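**Student:** Quick one, run-v1.cif (mmCIF, C-alpha atoms):
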data_coords
#
loop_
_atom_site.label_atom_id
_atom_site.label_comp_id
_atom_site.auth_asym_id
_atom_site.auth_seq_id
_atom_site.Cartn_x
_atom_site.Cartn_y
_atom_site.Cartn_z
CA MET A 85 -22.76 43.54 -8.41
CA THR A 86 -21.25 40.08 -7.74
CA SER A 87 -21.44 39.25 -11.47
CA LEU A 88 -19.65 42.46 -12.36
CA LEU A 89 -16.94 41.76 -9.80
CA ALA A 90 -16.50 38.21 -11.13
CA LEU A 91 -16.33 39.51 -14.70
CA GLY A 92 -13.74 42.10 -13.63
CA ILE A 93 -11.55 39.45 -11.95
CA LEU A 94 -11.89 37.24 -15.02
CA LEU A 95 -10.90 40.01 -17.45
CA LEU A 96 -8.01 41.09 -15.24
CA SER A 97 -6.76 37.49 -14.99
CA ALA A 98 -7.05 37.00 -18.75
CA PHE A 99 -5.21 40.25 -19.46
CA LEU A 100 -2.44 39.40 -16.99
CA LEU A 101 -2.09 35.85 -18.30
CA LEU A 102 -1.74 36.89 -21.94
CA THR A 103 0.57 39.82 -21.21
CA ILE A 104 2.87 37.91 -18.87
CA ALA A 105 2.94 34.87 -21.18
CA LEU A 106 4.08 37.15 -24.02
CA LEU A 107 6.73 38.79 -21.83
CA LYS A 108 8.01 35.44 -20.54
CA ARG A 109 8.37 33.87 -23.97
CA LYS A 110 12.04 34.69 -24.28
CA SER A 111 13.12 34.62 -20.65
CA VAL A 112 14.07 31.64 -18.52
CA SER A 113 11.75 31.22 -15.54
CA ARG A 114 13.14 30.53 -12.10
CA PHE A 115 11.00 28.79 -9.50
CA ARG A 116 11.24 28.22 -5.79
CA GLU A 117 12.12 24.70 -4.71
CA ILE A 118 9.14 22.38 -4.22
CA PRO A 119 10.55 19.00 -3.05
CA ALA A 120 7.69 16.96 -4.55
CA LEU A 121 8.14 18.48 -8.00
CA THR A 122 11.94 18.20 -7.83
CA ARG A 123 11.51 14.51 -7.06
CA LEU A 124 8.98 14.18 -9.88
CA VAL A 125 11.46 15.60 -12.41
CA ARG A 126 14.15 13.22 -11.10
CA MET A 127 11.83 10.21 -11.24
CA LEU A 128 11.03 10.88 -14.91
CA GLY A 129 14.65 10.28 -15.83
CA LEU A 130 15.14 7.40 -13.41
CA SER A 131 12.11 5.47 -14.63
CA VAL A 132 13.45 5.40 -18.20
CA GLU A 133 16.85 4.19 -16.95
CA ASP A 134 15.40 1.61 -14.55
CA GLY A 135 13.10 0.09 -17.15
CA LYS A 136 10.12 0.71 -14.88
CA ARG A 137 6.98 2.62 -15.65
CA LEU A 138 5.24 5.62 -14.16
CA HIS A 139 1.61 5.54 -13.17
CA ILE A 140 -0.17 8.86 -13.48
CA SER A 141 -3.49 8.88 -11.62
CA LEU A 142 -5.70 11.76 -12.66
CA GLY A 143 -8.44 11.20 -10.09
CA HIS A 144 -12.17 11.26 -10.66
CA GLY A 145 -12.74 14.96 -11.26
CA SER A 146 -15.60 15.61 -13.65
CA LEU A 147 -14.94 18.07 -16.45
CA LEU A 148 -18.44 19.49 -16.04
CA ASP A 149 -17.92 21.09 -12.65
CA GLU A 150 -15.35 23.02 -10.64
CA ARG A 151 -13.23 19.87 -10.13
CA GLY A 152 -12.31 20.11 -13.82
CA GLY A 153 -9.54 22.59 -12.98
CA SER A 154 -7.42 19.98 -11.22
CA ALA A 155 -8.19 17.46 -13.98
CA PHE A 156 -6.89 19.89 -16.63
CA ALA A 157 -3.79 20.57 -14.51
CA GLY A 158 -3.21 16.82 -14.35
CA LEU A 159 -3.64 16.51 -18.12
CA ALA A 160 -1.06 19.28 -18.69
CA ALA A 161 1.43 17.36 -16.55
CA LEU A 162 0.52 14.09 -18.28
CA ARG A 163 1.23 15.64 -21.69
CA ILE A 164 4.84 16.41 -20.67
CA ILE A 165 5.36 13.15 -18.79
CA SER A 166 4.13 11.02 -21.70
CA GLU A 167 6.40 12.91 -24.11
CA LYS A 168 9.45 12.46 -21.87
CA THR A 169 8.85 8.78 -21.14
CA SER A 170 7.55 7.74 -24.56
CA VAL A 171 10.83 6.08 -25.58
CA SER A 172 10.99 3.96 -22.42
CA ASP A 173 10.72 0.17 -22.72
CA MET A 174 7.94 0.40 -20.16
CA PRO A 175 5.54 3.14 -21.26
CA SER A 176 3.76 5.22 -18.63
CA VAL A 177 0.22 4.25 -17.65
CA ALA A 178 -2.48 6.81 -16.92
CA SER A 179 -5.72 6.14 -15.08
CA ALA A 180 -8.86 8.22 -14.70
CA GLY A 181 -12.06 7.79 -12.74
CA ASP A 182 -14.28 9.83 -15.03
CA PRO A 183 -15.17 8.68 -18.56
CA ALA A 184 -14.78 12.08 -20.23
CA LEU A 185 -11.47 12.57 -18.46
CA GLY A 186 -10.51 9.09 -19.63
CA LEU A 187 -11.06 10.11 -23.25
CA LEU A 188 -8.93 13.23 -22.83
CA THR A 189 -6.27 11.11 -21.12
CA GLN A 190 -5.99 8.97 -24.24
CA ASP A 191 -5.81 12.01 -26.49
CA THR A 192 -3.26 13.74 -24.29
CA MET A 193 -0.98 10.70 -24.05
CA GLN A 194 -1.16 10.21 -27.79
CA ALA A 195 -0.26 13.89 -28.28
CA GLY A 196 2.81 13.37 -26.06
CA TYR A 197 3.95 10.45 -28.22
CA GLN A 198 3.30 12.49 -31.38
CA ALA A 199 5.38 15.36 -30.03
CA ALA A 200 8.23 12.93 -29.29
CA GLY A 201 7.95 11.62 -32.87
CA VAL A 202 7.13 8.05 -31.81
CA GLU A 203 3.37 7.92 -32.29
CA GLU A 204 3.58 4.30 -33.43
CA LEU A 205 4.74 3.28 -29.93
CA TYR A 206 1.55 4.52 -28.30
CA VAL A 207 -0.57 1.73 -26.85
CA PRO A 208 -4.21 2.81 -26.31
CA THR A 209 -4.65 0.53 -23.29
CA THR A 210 -2.05 2.55 -21.36
CA SER A 211 -4.75 5.19 -20.80
CA ARG A 212 -7.51 3.69 -18.73
CA VAL A 213 -10.77 4.36 -16.99
CA THR A 214 -10.43 2.12 -13.93
CA GLY A 215 -13.77 2.81 -12.27
CA LEU A 216 -16.68 5.20 -12.25
CA THR A 217 -17.06 5.79 -8.50
CA PRO A 218 -14.26 7.07 -6.21
CA PHE A 219 -13.66 3.73 -4.52
CA SER A 220 -13.98 1.58 -7.65
CA TYR A 221 -11.53 3.95 -9.33
CA ALA A 222 -9.11 3.58 -6.43
CA ALA A 223 -9.51 -0.23 -6.47
CA GLY A 224 -8.66 -0.33 -10.19
CA ALA A 225 -5.74 2.08 -9.85
CA MET A 226 -4.32 0.13 -6.88
CA HIS A 227 -4.12 -2.90 -9.13
CA ILE A 228 -1.86 -1.00 -11.56
CA ALA A 229 0.56 0.08 -8.82
CA SER A 230 0.95 -3.47 -7.55
CA ASN A 231 1.01 -5.50 -10.78
CA GLU A 232 2.54 -3.48 -13.57
CA ASN A 233 6.18 -2.85 -12.62
CA VAL A 234 5.54 0.72 -11.53
CA SER A 235 8.36 2.76 -9.97
CA THR A 236 6.47 5.98 -9.24
CA ASN A 237 2.81 6.74 -8.69
CA ILE A 238 1.98 10.35 -9.57
CA MET A 239 -1.44 11.44 -8.33
CA ILE A 240 -2.54 14.77 -9.79
CA GLY A 241 -6.23 15.60 -9.84
CA HIS A 242 -9.32 15.31 -7.68
CA PHE A 243 -8.95 12.72 -4.93
CA GLY A 244 -10.95 12.39 -1.74
CA ALA A 245 -10.49 9.95 1.11
CA GLU A 246 -9.88 7.10 -1.35
CA ALA A 247 -6.38 8.58 -1.91
CA GLY A 248 -5.44 6.72 1.29
CA LEU A 249 -6.00 3.35 -0.41
CA LEU A 250 -3.83 4.31 -3.38
CA ALA A 251 -1.13 5.65 -1.04
CA ASP A 252 -1.18 2.46 1.02
CA SER A 253 -0.93 0.30 -2.10
CA SER A 254 2.08 2.34 -3.29
CA ASP A 255 3.71 2.03 0.11
CA ARG A 256 3.29 -1.74 0.26
CA ASN A 257 4.75 -2.15 -3.23
CA HIS A 258 7.69 0.21 -2.54
CA VAL A 259 6.46 2.61 -5.18
CA VAL A 260 7.41 6.27 -4.79
CA LEU A 261 4.27 8.37 -4.35
CA ILE A 262 3.91 12.00 -5.35
CA GLY A 263 0.43 13.28 -4.62
CA ALA A 264 -1.65 16.38 -5.20
CA SER A 265 -5.38 16.93 -4.84
CA ASP A 266 -7.71 19.93 -4.94
CA ASN A 267 -9.83 18.34 -2.21
CA LEU A 268 -9.03 19.17 1.43
CA ALA A 269 -9.61 15.62 2.70
CA GLY A 270 -7.50 14.24 -0.13
CA GLN A 271 -4.72 16.74 0.60
CA SER A 272 -4.57 15.89 4.30
CA ILE A 273 -4.50 12.17 3.55
CA LEU A 274 -1.76 12.59 0.96
CA TYR A 275 0.20 14.78 3.37
CA ALA A 276 0.18 11.94 5.89
CA SER A 277 0.72 9.12 3.40
CA ALA A 278 2.96 10.34 0.58
CA GLN A 279 6.71 10.84 0.61
CA ASP A 280 6.06 14.20 -1.01
CA ALA A 281 2.70 15.92 -1.15
CA LEU A 282 1.74 19.09 -2.95
CA ILE A 283 -0.41 21.43 -0.90
CA GLY A 284 -3.09 23.77 -2.25
CA GLU A 285 -2.25 25.58 -5.46
CA GLU A 286 1.09 23.72 -5.82
CA LEU A 287 -0.98 21.18 -7.77
CA PHE A 288 -1.31 23.73 -10.57
CA ALA A 289 2.45 24.36 -10.68
CA ALA A 290 3.34 20.87 -11.93
CA GLY A 291 3.16 21.85 -15.61
CA ALA A 292 5.49 24.84 -15.17
CA TYR A 293 8.05 22.81 -13.21
CA LEU A 294 8.00 20.05 -15.84
CA GLY A 295 8.78 22.60 -18.55
CA ALA A 296 5.37 23.00 -20.17
CA GLY A 297 6.26 26.48 -21.44
CA ALA A 298 5.87 30.20 -20.87
CA SER A 299 2.09 30.08 -20.42
CA HIS A 300 2.42 27.80 -17.41
CA SER A 301 5.10 30.01 -15.86
CA ALA A 302 2.88 33.03 -16.54
CA SER A 303 0.00 31.24 -14.79
CA LEU A 304 2.07 31.01 -11.62
CA THR A 305 2.87 34.73 -11.76
CA VAL A 306 -0.81 35.58 -12.32
CA GLN A 307 -1.78 33.40 -9.35
CA ASP A 308 0.79 35.23 -7.20
CA ILE A 309 -0.52 38.64 -8.29
CA LEU A 310 -4.13 37.66 -7.63
CA ARG A 311 -3.20 36.15 -4.27
CA TRP A 312 -1.56 39.42 -3.19
CA LEU A 313 -4.63 41.34 -4.34
CA ILE A 314 -6.84 39.06 -2.24
CA ILE A 315 -4.53 39.46 0.78
CA ILE A 316 -4.69 43.27 0.42
CA VAL A 317 -8.49 43.20 0.09
CA LEU A 318 -8.86 40.90 3.12
CA ILE A 319 -6.56 42.98 5.31
CA GLY A 320 -8.12 46.23 4.03
CA GLY A 321 -11.61 44.85 4.67
CA ALA A 322 -10.70 43.75 8.19
CA ALA A 323 -9.13 47.14 8.93
CA ALA A 324 -12.15 49.00 7.54
CA LYS A 325 -14.50 46.85 9.61
CA PHE A 326 -12.36 47.43 12.71
CA MET A 327 -12.50 51.18 12.17
CA GLY A 328 -16.23 51.08 11.51
CA VAL A 329 -15.99 52.27 7.89
CA ILE A 330 -18.00 49.29 6.59
CA MET B 292 -8.21 19.58 -38.16
CA ARG B 293 -6.39 20.65 -34.98
CA ILE B 294 -7.24 24.30 -35.64
CA PHE B 295 -10.87 23.37 -36.34
CA THR B 296 -11.25 21.51 -33.02
CA ALA B 297 -9.53 24.35 -31.15
CA VAL B 298 -11.86 26.96 -32.72
CA ILE B 299 -14.93 24.91 -31.79
CA ALA B 300 -13.69 24.36 -28.23
CA ILE B 301 -12.83 28.03 -27.70
CA ALA B 302 -16.13 29.25 -29.21
CA VAL B 303 -18.19 26.85 -27.08
CA GLY B 304 -16.19 27.74 -23.96
CA LEU B 305 -16.71 31.45 -24.52
CA MET B 306 -20.45 31.07 -25.13
CA VAL B 307 -20.89 29.05 -21.92
CA LEU B 308 -18.84 31.63 -20.02
CA PHE B 309 -20.83 34.56 -21.45
CA GLY B 310 -24.00 32.80 -20.31
CA TYR B 311 -23.01 33.50 -16.71
CA PHE B 312 -22.72 37.24 -17.32
CA PHE B 313 -24.97 38.22 -20.23
CA GLN B 314 -28.69 37.37 -20.42
CA PRO B 315 -28.86 36.75 -24.23
CA PHE B 316 -26.36 33.89 -23.89
CA VAL B 317 -28.29 32.00 -21.19
CA GLY B 318 -30.32 29.98 -23.72
CA ILE B 319 -27.33 28.87 -25.74
CA GLN B 320 -25.42 28.16 -22.53
CA THR B 321 -28.18 25.82 -21.32
CA LEU B 322 -28.32 24.11 -24.70
CA LEU B 323 -24.55 23.58 -24.81
CA LEU B 324 -24.45 22.29 -21.23
CA ASN B 325 -27.25 19.83 -22.07
CA TRP B 326 -25.21 18.61 -25.03
CA ALA B 327 -22.22 18.27 -22.72
CA MET B 328 -24.30 16.09 -20.37
CA ILE B 329 -25.32 13.83 -23.26
CA LEU B 330 -21.72 13.59 -24.45
CA ALA B 331 -20.60 12.76 -20.91
CA GLY B 332 -23.16 9.92 -20.92
CA VAL B 333 -21.76 8.62 -24.21
CA ALA B 334 -18.25 8.97 -22.76
CA SER B 335 -19.33 6.66 -19.90
CA PHE B 336 -20.17 4.04 -22.46
CA VAL B 337 -16.80 4.52 -24.19
CA GLY B 338 -15.09 4.38 -20.78
CA ILE B 339 -16.68 1.02 -20.07
CA PHE B 340 -15.45 -0.30 -23.43
CA ASN B 341 -11.98 0.93 -22.48
CA LEU B 342 -12.28 -0.97 -19.18
CA ILE B 343 -13.31 -4.13 -21.06
CA ALA B 344 -10.50 -3.74 -23.62
CA VAL B 345 -7.84 -3.34 -20.90
CA HIS B 346 -9.03 -6.32 -18.87
CA THR B 347 -9.67 -8.71 -21.78
CA ASP B 348 -6.16 -7.85 -22.97
CA LYS B 349 -4.83 -8.82 -19.54
CA VAL B 350 -6.71 -12.11 -19.65
CA ARG B 351 -5.46 -12.83 -23.18
CA ARG B 352 -1.85 -12.25 -22.13
CA ALA B 353 -2.35 -14.23 -18.90
CA GLU B 354 -0.79 -11.36 -16.94
CA LYS B 355 -0.38 -11.32 -13.17
CA GLY B 356 -3.79 -10.89 -11.55
CA SER B 357 -5.66 -11.77 -14.75
CA VAL B 358 -8.12 -13.86 -12.71
CA TYR B 359 -9.49 -10.62 -11.26
CA SER B 360 -9.71 -9.15 -14.75
CA ALA B 361 -11.70 -12.17 -15.94
CA LEU B 362 -13.98 -11.84 -12.92
CA LEU B 363 -14.51 -8.15 -13.67
CA VAL B 364 -15.40 -8.75 -17.32
CA ILE B 365 -17.81 -11.58 -16.46
CA ALA B 366 -19.49 -9.56 -13.67
CA LEU B 367 -19.78 -6.55 -15.96
CA ALA B 368 -21.33 -8.58 -18.78
CA VAL B 369 -23.79 -10.35 -16.45
CA THR B 370 -24.85 -7.09 -14.76
CA PHE B 371 -25.21 -5.35 -18.13
CA VAL B 372 -27.34 -8.12 -19.65
CA PHE B 373 -29.56 -8.48 -16.56
CA GLY B 374 -29.88 -4.70 -16.29
CA LEU B 375 -30.94 -4.49 -19.91
CA ILE B 376 -33.53 -7.26 -19.58
CA LEU B 377 -34.87 -6.56 -16.08
CA ARG B 378 -34.29 -2.75 -15.94
CA PRO B 379 -32.31 -1.10 -13.11
CA GLN B 380 -35.35 -0.69 -10.82
CA HIS B 381 -36.08 -4.42 -10.76
CA GLU B 382 -35.91 -6.17 -7.38
CA ILE B 383 -32.99 -8.41 -8.43
CA MET B 384 -30.97 -5.46 -9.71
CA GLN B 385 -31.65 -3.54 -6.50
CA THR B 386 -30.56 -6.58 -4.46
CA LEU B 387 -27.38 -6.71 -6.53
CA LEU B 388 -26.77 -3.04 -5.80
CA ASN B 389 -27.60 -3.19 -2.09
CA GLY B 390 -26.04 -6.58 -1.50
CA VAL B 391 -22.81 -6.28 -3.47
CA ILE B 392 -21.84 -2.81 -4.63
CA ILE B 393 -22.73 -0.81 -1.51
CA PRO B 394 -21.18 -3.32 0.96
CA VAL B 395 -18.00 -3.51 -1.12
CA GLU B 396 -17.65 0.28 -1.13
CA ALA B 397 -18.41 0.35 2.61
CA THR B 398 -15.72 -2.28 3.15
CA LEU B 399 -13.20 -0.16 1.29
CA MET B 400 -14.20 2.78 3.49
CA GLY B 401 -13.65 0.62 6.59
CA LEU B 402 -10.28 -0.48 5.22
CA LEU B 403 -9.42 3.16 4.76
CA THR B 404 -9.85 3.83 8.50
CA VAL B 405 -7.14 1.31 9.33
CA THR B 406 -4.97 2.55 6.46
CA LEU B 407 -5.16 6.15 7.67
CA LEU B 408 -4.32 5.20 11.23
CA TYR B 409 -1.30 3.28 9.95
CA ALA B 410 -0.28 6.23 7.76
CA ALA B 411 -0.51 8.61 10.73
CA ILE B 412 1.69 6.31 12.83
CA ARG B 413 4.24 6.07 10.02
CA LEU B 414 4.25 9.80 9.31
CA LEU B 415 6.81 10.63 11.99
CA ARG B 416 9.10 7.87 10.77
CA ARG B 417 8.86 9.13 7.20
CA ARG B 418 9.07 12.87 7.86
CA ALA B 419 10.09 13.82 11.38
CA ASP B 420 9.66 17.60 11.20
CA VAL B 421 7.69 20.25 13.09
CA MET B 422 4.78 20.21 10.64
CA SER B 423 4.35 16.45 11.00
CA VAL B 424 4.26 16.77 14.81
CA VAL B 425 1.68 19.59 14.52
CA PHE B 426 -0.35 17.46 12.10
CA ILE B 427 -0.42 14.45 14.45
CA LEU B 428 -1.15 16.57 17.53
CA THR B 429 -4.03 18.34 15.79
CA ALA B 430 -5.48 15.03 14.62
CA VAL B 431 -5.28 13.63 18.17
CA LEU B 432 -6.92 16.76 19.66
CA ILE B 433 -9.78 16.66 17.17
CA PHE B 434 -10.16 12.92 17.69
CA LEU B 435 -10.37 13.31 21.46
CA GLY B 436 -12.91 16.09 21.04
CA SER B 437 -15.18 14.22 18.63
CA ALA B 438 -14.91 10.54 19.51
CA THR B 439 -17.86 8.75 21.07
CA LEU B 440 -16.36 7.19 24.15
CA PRO B 441 -18.04 4.74 26.60
CA PHE B 442 -17.69 7.18 29.51
CA GLY B 443 -18.96 10.19 27.54
CA ASP B 444 -17.15 13.22 26.17
CA VAL B 445 -13.68 14.15 27.30
CA PRO B 446 -14.07 17.41 29.25
CA ILE B 447 -12.59 20.59 27.69
CA PHE B 448 -11.58 18.78 24.48
CA GLY B 449 -15.10 18.53 23.08
CA THR B 450 -16.38 21.86 24.29
CA LEU B 451 -13.34 24.13 24.05
CA ILE B 452 -10.29 22.76 22.24
CA ARG B 453 -11.98 21.02 19.30
CA PRO B 454 -14.20 23.99 18.31
CA TRP B 455 -11.25 26.36 18.76
CA VAL B 456 -8.94 24.27 16.55
CA SER B 457 -11.52 23.34 13.90
CA GLN B 458 -13.44 26.61 13.64
CA ILE B 459 -10.57 29.07 13.90
CA TRP B 460 -7.25 27.51 12.91
CA ALA B 461 -8.47 24.77 10.58
CA LEU B 462 -11.18 26.89 8.97
CA GLY B 463 -8.74 29.75 8.32
CA GLY B 464 -6.17 27.38 6.85
CA ALA B 465 -8.80 25.59 4.75
CA ARG B 466 -10.05 28.89 3.33
CA GLY B 467 -6.49 29.86 2.44
CA ILE B 468 -5.91 26.56 0.65
CA LEU B 469 -9.26 26.79 -1.15
CA ILE B 470 -8.51 30.34 -2.34
CA GLY B 471 -5.21 29.05 -3.75
CA VAL B 472 -6.99 26.14 -5.46
CA ALA B 473 -9.65 28.51 -6.85
CA LEU B 474 -6.97 30.79 -8.33
CA GLY B 475 -5.22 27.79 -9.86
CA THR B 476 -8.51 26.56 -11.31
CA LEU B 477 -9.28 30.01 -12.73
CA VAL B 478 -5.94 30.36 -14.50
CA THR B 479 -5.98 26.75 -15.74
CA GLY B 480 -9.48 27.33 -17.11
CA LEU B 481 -8.32 30.45 -18.91
CA ARG B 482 -5.41 28.56 -20.48
CA VAL B 483 -7.84 25.96 -21.83
CA LEU B 484 -10.30 28.67 -22.91
CA PHE B 485 -7.62 30.49 -24.91
CA GLY B 486 -6.48 27.25 -26.51
CA ILE B 487 -3.03 27.46 -24.91
CA ASP B 488 -3.59 24.06 -23.28
CA ARG B 489 -5.42 21.73 -25.64
CA PRO B 490 -6.03 18.31 -24.15
CA TYR B 491 -7.92 17.35 -27.30
CA GLY B 492 -7.24 16.89 -31.00
CA GLY B 493 -3.63 15.68 -30.96
CA LYS B 494 -0.40 17.62 -30.43
#
Go ahead and express the file in the form of structure tokens.
**Tutor:**
Amino acid sequence: MTSLLALGILLLSAFLLLTIALLKRKSVSRFREIPALTRLVRMLGLSVEDGKRLHISLGHGSLLDERGGSAFAGLAALRIISEKTSVSDMPSVASAGDPALGLLTQDTMQAGYQAAGVEELYVPTTSRVTGLTPFSYAAGAMHIASNENVSTNIMIGHFGAEAGLLADSSDRNHVVLIGASDNLAGQSILYASAQDALIGEELFAAGAYLGAGASHSASLTVQDILRWLIIIVLIGGAAAKFMGVI
Amino acid sequence: MRIFTAVIAIAVGLMVLFGYFFQPFVGIQTLLLNWAMILAGVASFVGIFNLIAVHTDKVRRAEKGSVYSALLVIALAVTFVFGLILRPQHEIMQTLLNGVIIPVEATLMGLLTVTLLYAAIRLLRRRADVMSVVFILTAVLIFLGSATLPFGDVPIFGTLIRPWVSQIWALGGARGILIGVALGTLVTGLRVLFGIDRPYGGK
């Protein structure tokens, strides 16, 4: 029964995603204001003008488990960021705390440079695996924020408590911090430490706000539809329980 | 080439997904996941080479903080060689693990405690709004209800307020956030599965 329900949700989501993506292809999407993402878009332009670099931290989410979702969302944002900052004197740096994610980081950054038509400017060492455990990753990533002329630290991915160390390092080096994590501890720490933090599913909206295309905008609509369905089911279930139906 | 990699990725993704719902795909799903594990192991090796490349480059260019990079490369090489010769279960390797790596990580954890306290104090200066005040107040209430104090538990906080806040308000909020994250993960996964997002094989 549970498998059938899961399959049904999956098929419904897939159908909605493809249909809405097709419908949205020719229309301009309008989004609600999310301060962190507005700042992120502004910082992309400013970093090129200032001659400073961006540091995109993708966390230590493994691609083999459920944490992969936030890692893929981070990669989608990285793809756009690397394309938009590829012509800067100071290219963006990306760090990952998982080896497989590190490989995809390199590929994604290179794809961004290719899309901008400046593939020859891509430097492989700008995509890095800084550590293989959460704290060693944070220690390596802190070093980038403090030593490599970074103006903005963008954390999108799976971060736990170690996000506090990265946030503190950014703060001490006067680096703007924009943070998002799929982990509750990471989210609460980023909420307390970052100038702008993304809460919950806002992490997955970064691609759409950066202009990744109709499919990303469609994803947000699908998430909204599914969320309303869940709200209806929860309220309906509570009402049915209250009335003794179930 | 790009189409070829996308076809392989989509086909593998679909077969693994089908394995969760249809019995005939369970075998192939297990096989593919085992391959993924092996590839992840190989990726670790590649990741370490990336780490070495980045830090030797820093040393070569005599960049700021290159002393730490040199230290990292030397420590990595020594640990690797000793690990290869002695094997990871050897007493010396275990001493290295228990005497260096675990204490260093524990130190970072300790540092984090101070960092978080400092961040909480600075929160109101950075963002003086209602949500920040609620955040700080909640943290203080939970802290008072859970802290081990010399004179014992604070009455009411530990028995009434903390369970009420953490098991009703916080749990409800956490579930809401996790549902949102799960929906985001689902849709992101579908985008990758359909080849709309392709973080592999170039542009």
**Student:** Specify as a VMD selection string each residue included when the PyMOL selection byres ((chain A and resi 254-269) around 7) is applied to this file.
**Tutor:** (chain A and resid 120 154 229 to 230 234 to 245 250 to 253 270 to 274 278 to 284 287) or (chain B and resid 472)
**Student:** Using Å and a single decimal, report how far CA of Leu462 (chain B) sits from CA of Ile93 (chain A).
**Tutor:**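 Answer for the CA of Ile93 (chain A) to CA of Leu462 (chain B) separation: 24.4 Å.
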**Student:** Can you tell me, as a VMD selection string, what residues are no more than 10 Å from region 347-353 of chain B when counting only C-alpha atoms, ignoring any on the same chain fewer than 4 positions away?
**Tutor:** (chain A and resid 209) or (chain B and resid 341 to 343 357 to 364)
**Student:** Chain A near chain B within 7 Å: what's each residue's closest atom pair and its distance in Å to one decimal, counting only C-alpha atoms, ordered by chain then ascending residue number, as a Markdown table?
**Tutor:**
| residue | atom | partner | partner_atom | distance |
| --- | --- | --- | --- | --- |
| A:Ser87 | CA | B:Phe312 | CA | 6.3 |
| A:Ala98 | CA | B:Leu481 | CA | 6.7 |
| A:Gly153 | CA | B:Thr476 | CA | 4.4 |
| A:Ser154 | CA | B:Thr476 | CA | 6.7 |
| A:Phe156 | CA | B:Thr479 | CA | 7.0 |
| A:Ala157 | CA | B:Thr479 | CA | 6.7 |
| A:Leu159 | CA | B:Pro490 | CA | 6.7 |
| A:Pro183 | CA | B:Ser335 | CA | 4.8 |
| A:Ala184 | CA | B:Ala334 | CA | 5.3 |
| A:Gly186 | CA | B:Gly338 | CA | 6.7 |
| A:Leu188 | CA | B:Pro490 | CA | 6.0 |
| A:Asp191 | CA | B:Tyr491 | CA | 5.8 |
| A:Thr192 | CA | B:Pro490 | CA | 5.3 |
| A:Gln194 | CA | B:Gly493 | CA | 6.8 |
| A:Ala195 | CA | B:Lys494 | CA | 4.3 |
| A:Gly196 | CA | B:Lys494 | CA | 6.9 |
| A:Gln198 | CA | B:Lys494 | CA | 6.4 |
| A:Ala199 | CA | B:Lys494 | CA | 6.2 |
| A:Thr209 | CA | B:Val345 | CA | 5.6 |
| A:Arg212 | CA | B:Asn341 | CA | 6.5 |
| A:Val213 | CA | B:Gly338 | CA | 5.7 |
| A:Thr214 | CA | B:Leu342 | CA | 6.4 |
| A:Phe219 | CA | B:Glu396 | CA | 6.3 |
| A:Asn231 | CA | B:Lys355 | CA | 6.4 |
| A:Gly248 | CA | B:Leu403 | CA | 6.4 |
| A:Leu249 | CA | B:Leu403 | CA | 6.2 |
| A:Asp252 | CA | B:Thr406 | CA | 6.6 |
| A:Asp266 | CA | B:Val472 | CA | 6.3 |
| A:Ala276 | CA | B:Leu414 | CA | 5.7 |
| A:Ser277 | CA | B:Ala410 | CA | 5.3 |
| A:Gly284 | CA | B:Ile468 | CA | 4.9 |
| A:Glu285 | CA | B:Val472 | CA | 4.8 |
| A:Phe288 | CA | B:Gly475 | CA | 5.7 |
| A:Ser303 | CA | B:Val478 | CA | 6.0 |
| A:Gln307 | CA | B:Leu474 | CA | 5.9 |
**Student:** Take every atom of region 300-308 of chain B listed in the file, pad by 4 Å on each side, and give me the axis-aligned box centre and edge lengths in Å, one decimal, as lines of an AutoDock Vina configuration file.
**Tutor:**
center_x = -16.9
center_y = 28.0
center_z = -24.6
size_x = 16.1
size_y = 15.3
size_z = 17.2
